[in-house]
Amino acid sequence: MLLQVFTIVLIMSTLALLWIKPIGTAIKILSVQSLILGLMAILIAVRTDTPDLYIMGGLTILMKSIGIPWILWYTLKKIGMKRETEKLIGRELSILCGGLILAISYIVTGKLHLSSISLGQQYLPISIAMLLMGLLIMMTHQKAIMQGIGLVVMENGLFLVALVTTYGMPFLVDIGVFLDVFVAVILISMLTYRIDKTFQSTHTENLRRLRG
Amino acid sequence: MSVSIALNIAVVLVIINISLGLLIVVTRRLTYLGHAIGVVTSLGLVMSAVKAMFEPPQYVIFVDSAFAFTSLSFRMNALTGFFLLLIGIVGLFASVYGIDYVKEYAGRKDVSLLVAGALVFLATMASVVLAGNVFTFLVSWECMSIVSFLLVIYEHEQEEVRNAGFIYVVMTHIGTVFLTISFLIIARYSDSLSFNLMNTNHMPNVIKTIVFLFALIGLGTKAGLVPFHIWLPRAHPVAPSHVSALMSGVMIKIAMYGFLLIVFEFLKGGPIWWGILVSCIGAITALLGVLHALVQRDQKRMLAYSSIENMGLIFLGLGLSLIFMSLHDPILAAFSLLASLVHAFNHALFKSLLFFGAGAVLSKTHTKNMDRLGGIIRKMPWTACFTLMGALSISAMPPFNGFIGEWMLFQSAFALAMSVHSPWMGIYAVLLVGSLTMTGALVAMAFVRSFGSTFLALPRSEYVESANEVGMLMRIGMAGLAGLCLFIGIFPARWVSMLGNSIREITGMSLKMNPFQFGMNDIARADGRLLLIPVLMTSILALIFLWGILRLVGRRTSAVRMETWACGGTLTPLMTYTASGYSKPVRVTFQQIFRPSRTLQRTEGSEYFPSKFVYFSKVTSFAETYLYHPIIQTVLSMARLVRAIQNGQVQSYLAYLFVTLIVLLILVK
C-alpha cells in the first residue's frame with residue numbers, strides 16, 4: 001500500500017516537472033522525488049531484508065535529494081534566481097506527451113511476462129515512464145540546467161526499474177551509475193555557469209555555433 | 001660482438017634518442033647534448049647494422065606485456081641491418097649537418113624542438129626497421145609518421161606549410177589504415193603476431209591478393225608512388241633541409257622495407273600480375289616524377305619529385321623481382337632485388353646530399369626559387385662542388401654510385417626481355433627498358449637545369465649578393481656523403497657483395513655461388529676487387545687525354561680574358577637561361593600531361609609601349625586534377641547529405657535517441 005502511494009507521488013512529481021516554470025521549484029521537486037525513491041528503497045530493504053539496499057537508499061537520499069539539488073541550487077544562485085524554463089513545445093503539449101509516454105510504457109511492459117512475486121508487474125510501467133519522461137525533459141528544454149534535472153529523473157527511473165524487478169542492481173553497478181550521474185550533474189552545472197558567463201544566457205542554442 | 005649485442009645496442013640507442021628527445025622538449029634546452037647524442041647514436045646504429053649484415057643468424061628481443069597483442073618485440077637480421085645502415089649513415093651526416101643548419105632558425109624559432117624532433121624521428125625510423133611483431137611495427141610506424149608531420153609543420157606560421165602538413169597527415173593515415181588491415185589479416189591467418197612465425201601457407205589466394213593490394217596502397221602512399229604521391233612534393237620541401245634529407249633519403253625507404261616484409265617475406269611472391277602491376281606503377285611513377293621535377297621552380301620541390309621518380313625505379317626493380325619469382329627464376333629474382341636495394345641505398349646517399357646542398361643555398365639566400373638564383377658557384381664553391389657530385393650521381397654518371405644501381409636495373413629489365421616466357425612479356429620488358437632510358441635522360445636534364453640555374457651564370461636577384469660559404473660542419477656533412485657516393489661508385493663490388501646476406505634473408509638465394517651470370521662477369525668480378533674497371537679506366541683516360549689536348553692547344557694560343565660578346569649590347573643577368581626557360585621544350589612536348597597555362601598582363605604603359613608586364617605560368621598536377629578532385633567532391637557532397645541530421649542542437653540529438661528508444665520498445669517482442 002505504502003509503495004503504491006510512493007510510486008504515485010513519483011509519477012506525479014515527474015509530470016509536475018513537465019508543467020512547472022521556475023527552475024527553483026523544479027529543483028525542489030527533484031529533491032522530493034529522490035527522497036521518495038530513497039525511502040522506497042529502504043522500505044523494500046526492510047521487507048526483503050537485503051543489507052545492500054539500505055546503503056543504496058541512504059546514498060540516494062544523501063546524494064540525489066541533498067547533494068545534487070544543492071549543486072544545482074548553487075549554480076542557479078550564481079546565474080540569477082529568477083530564471084524560468086524555456087521549452088521548445090508548450091506546457092500543455094508536454095503534459096500530453098507525458099500521458100502518451102505513460103500509455104506507451106503500459107503497452108510495452110504489458111507484453112512482458114514477469115514473475116508475480118516481484119514488484120515488476122505493478123511498478124515497471126511507472127519506472128519506464130519516468131525514464132522516458134526524463135529523456136523528454138532533456139529533449140524539450142533549452143536551458144542547460146534543466147537538462148541536468150532531466151538526467152537525474154532518467155537515472156531515478158532506471159533505479160526504480162532495478163529496484164522493482166531485481167531489488168537493485170549489483171552493488172558495484174549501482175555505485176558506478178551514482179558516480180556517473182553525480183559527475184554529469186557537476187559538469188552540467190559548470191557548463192551552465194560558463195555558458196551564462198559567455199553568452200549572458202543559458203540557452204543550449206548557443207552550442208549550435210560549435211558545429212563544424 | 002655478436003648479433004644479440006648489436007640488437008641490444010640498437011634498441012638501447014633508440015630508447016636513448018626518444019627519452020632525450022622528450023627531455024629536450026620538456027626542458028627546451030640541452031640542444032648541444034642533443035646534437036652530440038644524434039651523432040653518437042647514428043654511429044652506433046651504423047656499427048650494429050654492419051654487424052648484422054655480416055652475421056646471418058638473427059636474434060629477437062621480446063618484452064612481454066599484460067596482453068599478448070601489446071607486447072613489444074625487436075629482431076635483427078641481415079635485411080634489418082641493411083635498412084639500419086641506411087638510417088645510420090644518413091642520420092650521421094644529417095646530425096652533423098644539422099648542428100650548423102639549425103642556427104639558421106636561432107632567434108626566430110625554438111631550435112631545441114627541431115633538434116628533439118630530429119632525434120626522435122631517427123629513433124622511430126630505426127624502431128620500425130627493428131620491429132619484430134605487428135604491434136611494435138605499427139606503433140613505431142605511426143610514431144614515425146606523426147613525428148615527421150610535426151617536423152614538416154615546424155615553420156607553421158606559413159600558410160603553405162600548414163596546408164602541406166595537413167595533406168601529409170591525411171594521406172599518411174589513409175596509408176596506415178590499409179597497412180594495418182593487411183598486417184592484421186596476415187596475423188589472423190598465421191595465428192601469431194610475431195614476424196618470425198608469420199605463415200601464409202593456409203591463406204586463400206583471394207585473401208593473399210587483398211593483402212598484397214592493401215600493402216601496395218598503404219606502403220605506396222608512404223613511398224610516394226603515383227597516384228598516392230600528392231603529399232610528397234608538398235611535405236618534403238617545407239621541412240627543414242636536414243629533415244627533408246632524412247624524409248626523402250630514409251623514410252620513404254622504410255616503406256620499401258615494409259613492402260619487402262609483407263610481399264616478399266610473408267607472402268613469398270605471388271601470381272605474375274602482381275609483379276607486372278608493381279613494375280608498371282614503378283615505371284609510371286618514375287616517368288611522371290621526373291617530368292614534374294623538370295618543371296618545378298622550387299629547388300627542394302624539384303628534389304622531392306625526383307625522390308618520387310627514384311622510388312618508382314626502386315619499385316620497378318621490386319616488380320621485376322616478383323615477375324622473376326613467379327617465373328621460377330630465383331637467380332634473376334635475387335638479382336633484381338639486389339638492384340633495387342643497391343639503388344635504394346644510393347638514392348639515400350645522393351638525395352640527402354642534394355637536399356643538404358639545397359639547404360645550404362637556402363640558408364644563405366633565403367629563396368628556393370631557382371629563377372632567382374644563379375652564379376652561386378663563385379660565392380659558395382664547396383657547396384657547388386658537393387652538389388655537382390650529387391647531381392652527377394643522381395644522373396647515373398660513372399664513376400659515381402648512381403650508375404651502379406641504374407645499371408643493374410637495366411640489366412634486370414634486359415634479362416626479362418631476353419627470357420623466353422612469352423612474346424608479350426618481352427614487349428612489356430622492352431617498354432620497361434624504354435621508360436628507364438627516358439627517365440634516365442630526363443633526370444640528367446633536370447639536374448643540368450637545377451645545377452646550372454642555381455650555381456652557374458650570373459646572379460639573377462639581390463638574394464644572391466649576400467651569400468657566402470656555409471659553416472664547416474655543414475660542409476663536413478655534405479663532404480661525407482659526396483665522398484661515399486664517389487667511393488661506392490669506384491669500388492662497388494665490395495659493397496654489392498655485402499648485400500648478399502640481406503638478399504639471402506629475403507629470397508633464400510645466395511648470390512655468391514652464382515656470381516652475376518648473363519654477361520655481368522666483365523663488370524662484376526666475383527672476387528670483389530674492382531667492379532667497373534673498364535668504365536673507370538676509360539673515363540680517367542679520357543679525362544687525361546682531354547687535359548693533355550687542352551694543355552697542348554693552350555700552349556700554342558694566347559688566352560685573352562674578355563667579357564662575353566652580346567651582339568654589342570650590355571650583358572645583364574636577366575639574359576641568362578632561367579630554370580623555367582630551360583625546361584620549356586619539355587613543357588611543350590608533354591603539354592597533354594602538364595596542361596600548362598600562361599597569362600601575360602600589362603600593368604603599366606600604353607598598349608603599344610608597355611613598360612611593365614606580369615607573367616604567370618602554371619602547370620597542373622595530373623593525379624590531383626583527374627583523381628583526387630573528383631573523389632574529394634564526391635565525399636564532400638555525401639557529407640553534405642549526412643549533415644542535414646547534424647544540426648548542432650542538443651535537443652534534436654536527444655530526440656533521435658528518444659524516437660529510437662520508443663520504436664525499439666514497441667517493436668521488440
# chains A, B, ... in the order shown; residues from 1 in each chain; ligands from 1

call {"tool": "closest_atom_pairs", "arguments": {"of": "region 149-193 of chain A", "to": "region 118-135 of chain A", "cutoff": "12 Å", "atoms": "only C-alpha atoms", "output": "CSV"}}
result
residue,atom,partner,partner_atom,distance
A:Ile149,CA,A:Gly134,CA,7.9
A:Gly150,CA,A:Gly134,CA,4.4
A:Leu151,CA,A:Gly134,CA,6.2
A:Val152,CA,A:Gly134,CA,7.5
A:Val153,CA,A:Gly134,CA,4.9
A:Met154,CA,A:Leu131,CA,4.3
A:Glu155,CA,A:Leu131,CA,7.1
A:Asn156,CA,A:Leu131,CA,7.4
A:Gly157,CA,A:Leu131,CA,4.5
A:Leu158,CA,A:Leu131,CA,6.3
A:Phe159,CA,A:Ser127,CA,8.2
A:Leu160,CA,A:Ser127,CA,5.6
A:Val161,CA,A:Ser127,CA,5.5
A:Ala162,CA,A:Ser127,CA,9.1
A:Leu163,CA,A:Leu119,CA,8.6
A:Val164,CA,A:Leu119,CA,5.1
A:Thr165,CA,A:Gly120,CA,4.9
A:Thr166,CA,A:Ser118,CA,7.5
A:Tyr167,CA,A:Ser118,CA,8.5
A:Gly168,CA,A:Ser118,CA,11.8

call {"tool": "residues_around", "arguments": {"residues": "Leu667 (chain B)", "least_positions_apart": "5", "cutoff": "10 Å", "atoms": "only C-alpha atoms", "output": "list in words"}}
result
Val108 of chain A; Leu661 and Ile662 of chain B

call {"tool": "write_last_selection", "arguments": {"atoms": "all heavy atoms", "output": "CSV table (one decimal), in the first residue's frame"}}
result
chain,number,residue,atom,x,y,z
A,108,VAL,N,3.9,-1.4,-23.6
A,108,VAL,CA,5.2,-2.1,-23.8
A,108,VAL,C,5.4,-3.1,-22.7
A,108,VAL,O,5.8,-4.3,-23.0
A,108,VAL,CB,6.3,-1.1,-23.9
A,108,VAL,CG1,7.7,-1.8,-23.8
A,108,VAL,CG2,6.2,-0.3,-25.2
B,661,LEU,N,14.4,4.8,-29.1
B,661,LEU,CA,14.1,4.0,-27.9
B,661,LEU,C,12.6,3.6,-28.0
B,661,LEU,O,12.3,2.4,-27.8
B,661,LEU,CB,14.3,4.9,-26.7
B,661,LEU,CG,14.5,4.2,-25.4
B,661,LEU,CD1,15.7,3.2,-25.5
B,661,LEU,CD2,14.7,5.2,-24.3
B,662,ILE,N,11.7,4.5,-28.3
B,662,ILE,CA,10.3,4.2,-28.3
B,662,ILE,C,10.0,3.2,-29.4
B,662,ILE,O,9.4,2.1,-29.1
B,662,ILE,CB,9.5,5.5,-28.6
B,662,ILE,CG1,9.7,6.5,-27.5
B,662,ILE,CG2,8.0,5.1,-28.8
B,662,ILE,CD1,8.8,6.3,-26.3

call {"tool": "atom_distance", "arguments": {"atom1": "CA of Gly569 (chain B)", "atom2": "CA of Ile377 (chain B)"}}
result
25.2 Å

call {"tool": "closest_residue", "arguments": {"among": "A:Ile8, A:Cys97, A:Ile145, A:Ala45", "to": "Ile27 (chain A)", "atoms": "only C-alpha atoms"}}
result
A:Ile145

call {"tool": "closest_atom_pairs", "arguments": {"of": "chain B", "to": "chain A", "cutoff": "12 Å", "atoms": "only C-alpha atoms", "output": "Markdown table"}}
result
| residue | atom | partner | partner_atom | distance |
| --- | --- | --- | --- | --- |
| B:Ala639 | CA | A:Gly212 | CA | 11.8 |
| B:Arg640 | CA | A:Gly212 | CA | 11.6 |
| B:Arg643 | CA | A:Gly212 | CA | 9.8 |
| B:Ala644 | CA | A:Arg211 | CA | 12.0 |
| B:Ile645 | CA | A:Arg211 | CA | 11.9 |
| B:Gln646 | CA | A:Arg211 | CA | 8.2 |
| B:Asn647 | CA | A:Arg208 | CA | 7.3 |
| B:Gly648 | CA | A:Arg208 | CA | 4.6 |
| B:Gln649 | CA | A:Arg208 | CA | 5.6 |
| B:Val650 | CA | A:Thr204 | CA | 7.0 |
| B:Gln651 | CA | A:Met139 | CA | 4.5 |
| B:Ser652 | CA | A:Met139 | CA | 6.9 |
| B:Tyr653 | CA | A:Met139 | CA | 8.1 |
| B:Leu654 | CA | A:Met139 | CA | 5.4 |
| B:Ala655 | CA | A:Met139 | CA | 5.9 |
| B:Tyr656 | CA | A:Met139 | CA | 9.5 |
| B:Leu657 | CA | A:Leu135 | CA | 8.6 |
| B:Phe658 | CA | A:Leu135 | CA | 6.7 |
| B:Val659 | CA | A:Leu132 | CA | 10.2 |
| B:Thr660 | CA | A:Leu132 | CA | 11.6 |
| B:Leu661 | CA | A:Leu132 | CA | 8.7 |
| B:Ile662 | CA | A:Ile104 | CA | 8.2 |
| B:Val663 | CA | A:Ile104 | CA | 10.4 |
| B:Leu664 | CA | A:Val108 | CA | 10.0 |
| B:Leu665 | CA | A:Val108 | CA | 6.4 |
| B:Ile666 | CA | A:Val108 | CA | 6.0 |
| B:Leu667 | CA | A:Val108 | CA | 9.1 |
| B:Val668 | CA | A:Val108 | CA | 8.9 |
| B:Lys669 | CA | A:Lys111 | CA | 7.1 |

call {"tool": "write_last_selection", "arguments": {"atoms": "C-alpha atoms", "output": "PDB file, in the first residue's frame"}}
result
ATOM      1  CA  ALA B 639      28.940  14.583 -46.262  1.00  0.00           C
ATOM      2  CA  ARG B 640      26.598  17.465 -47.041  1.00  0.00           C
ATOM      3  CA  ARG B 643      24.996  16.918 -42.430  1.00  0.00           C
ATOM      4  CA  ALA B 644      21.245  17.531 -42.555  1.00  0.00           C
ATOM      5  CA  ILE B 645      20.833  15.351 -39.440  1.00  0.00           C
ATOM      6  CA  GLN B 646      23.731  17.019 -37.724  1.00  0.00           C
ATOM      7  CA  ASN B 647      22.260  20.395 -36.816  1.00  0.00           C
ATOM      8  CA  GLY B 648      24.248  21.106 -33.681  1.00  0.00           C
ATOM      9  CA  GLN B 649      21.228  21.222 -31.394  1.00  0.00           C
ATOM     10  CA  VAL B 650      21.445  19.113 -28.246  1.00  0.00           C
ATOM     11  CA  GLN B 651      17.715  18.645 -28.134  1.00  0.00           C
ATOM     12  CA  SER B 652      17.446  17.115 -31.569  1.00  0.00           C
ATOM     13  CA  TYR B 653      20.176  14.595 -30.783  1.00  0.00           C
ATOM     14  CA  LEU B 654      18.162  13.622 -27.716  1.00  0.00           C
ATOM     15  CA  ALA B 655      15.076  13.402 -29.889  1.00  0.00           C
ATOM     16  CA  TYR B 656      16.819  10.902 -32.188  1.00  0.00           C
ATOM     17  CA  LEU B 657      17.606   8.880 -29.096  1.00  0.00           C
ATOM     18  CA  PHE B 658      14.059   9.145 -27.796  1.00  0.00           C
ATOM     19  CA  VAL B 659      12.407   8.119 -31.036  1.00  0.00           C
ATOM     20  CA  THR B 660      14.772   5.196 -31.483  1.00  0.00           C
ATOM     21  CA  LEU B 661      14.089   4.032 -27.944  1.00  0.00           C
ATOM     22  CA  ILE B 662      10.314   4.202 -28.311  1.00  0.00           C
ATOM     23  CA  VAL B 663      10.345   2.456 -31.686  1.00  0.00           C
ATOM     24  CA  LEU B 664      12.586  -0.290 -30.327  1.00  0.00           C
ATOM     25  CA  LEU B 665      10.441  -0.752 -27.233  1.00  0.00           C
ATOM     26  CA  ILE B 666       7.352  -1.152 -29.365  1.00  0.00           C
ATOM     27  CA  LEU B 667       8.970  -3.375 -31.943  1.00  0.00           C
ATOM     28  CA  VAL B 668      10.767  -5.763 -29.620  1.00  0.00           C
ATOM     29  CA  LYS B 669       8.527  -8.608 -28.595  1.00  0.00           C
TER      30      LYS B 669
END

call {"tool": "select_by_dssp", "arguments": {"residues": "region 113-221 of chain B", "states": "alpha helix (DSSP H)", "output": "ChimeraX atom specification"}}
result
/B:113-130,134-152,159-190,205-221

call {"tool": "residues_around", "arguments": {"residues": "region 182-199 of chain A", "least_positions_apart": "5", "cutoff": "7 Å", "atoms": "only C-alpha atoms", "output": "ChimeraX atom specification"}}
result
/A:68,72,75,79,144-145,148

call {"tool": "atom_distance", "arguments": {"atom1": "CA of Val32 (chain A)", "atom2": "CA of Gly99 (chain A)"}}
result
21.4 Å

call {"tool": "closest_atom_pairs", "arguments": {"of": "region 249-337 of chain B", "to": "region 588-591 of chain B", "cutoff": "12 Å", "atoms": "only C-alpha atoms", "output": "JSON lines"}}
result
{"residue": "B:Leu287", "atom": "CA", "partner": "B:Phe590", "partner_atom": "CA", "distance": 11.3}
{"residue": "B:Leu288", "atom": "CA", "partner": "B:Phe590", "partner_atom": "CA", "distance": 10.4}
{"residue": "B:Val290", "atom": "CA", "partner": "B:Phe590", "partner_atom": "CA", "distance": 12.0}
{"residue": "B:Leu291", "atom": "CA", "partner": "B:Phe590", "partner_atom": "CA", "distance": 8.3}
{"residue": "B:His292", "atom": "CA", "partner": "B:Phe590", "partner_atom": "CA", "distance": 10.2}
{"residue": "B:Leu294", "atom": "CA", "partner": "B:Phe590", "partner_atom": "CA", "distance": 11.1}
{"residue": "B:Val295", "atom": "CA", "partner": "B:Phe590", "partner_atom": "CA", "distance": 10.7}

call {"tool": "write_last_selection", "arguments": {"atoms": "N, CA and C atoms", "output": "PDB file, in the first residue's frame"}}
result
ATOM      1  N   LEU B 287      58.433   8.021 -64.521  1.00  0.00           N
ATOM      2  CA  LEU B 287      58.284   8.982 -65.620  1.00  0.00           C
ATOM      3  C   LEU B 287      57.578  10.250 -65.163  1.00  0.00           C
ATOM      4  N   LEU B 288      56.434  10.082 -64.483  1.00  0.00           N
ATOM      5  CA  LEU B 288      55.697  11.267 -64.047  1.00  0.00           C
ATOM      6  C   LEU B 288      56.513  12.075 -63.048  1.00  0.00           C
ATOM      7  N   VAL B 290      59.792  12.371 -62.790  1.00  0.00           N
ATOM      8  CA  VAL B 290      60.877  13.161 -63.371  1.00  0.00           C
ATOM      9  C   VAL B 290      60.315  14.264 -64.251  1.00  0.00           C
ATOM     10  N   LEU B 291      59.188  14.009 -64.909  1.00  0.00           N
ATOM     11  CA  LEU B 291      58.597  15.079 -65.729  1.00  0.00           C
ATOM     12  C   LEU B 291      58.191  16.259 -64.855  1.00  0.00           C
ATOM     13  N   HIS B 292      57.585  15.951 -63.722  1.00  0.00           N
ATOM     14  CA  HIS B 292      57.190  17.042 -62.832  1.00  0.00           C
ATOM     15  C   HIS B 292      58.410  17.717 -62.228  1.00  0.00           C
ATOM     16  N   LEU B 294      61.070  18.260 -63.669  1.00  0.00           N
ATOM     17  CA  LEU B 294      61.660  19.131 -64.676  1.00  0.00           C
ATOM     18  C   LEU B 294      60.992  20.498 -64.755  1.00  0.00           C
ATOM     19  N   VAL B 295      59.752  20.607 -64.316  1.00  0.00           N
ATOM     20  CA  VAL B 295      59.091  21.893 -64.493  1.00  0.00           C
ATOM     21  C   VAL B 295      58.960  22.672 -63.192  1.00  0.00           C
TER      22      VAL B 295
END

call {"tool": "residues_around", "arguments": {"residues": "Gly471 (chain B)", "least_positions_apart": "4", "cutoff": "12 Å", "atoms": "only C-alpha atoms", "output": "PyMOL selection string"}}
result
chain B and resi 96-104+360-361+363-364+380+382-383+475-478
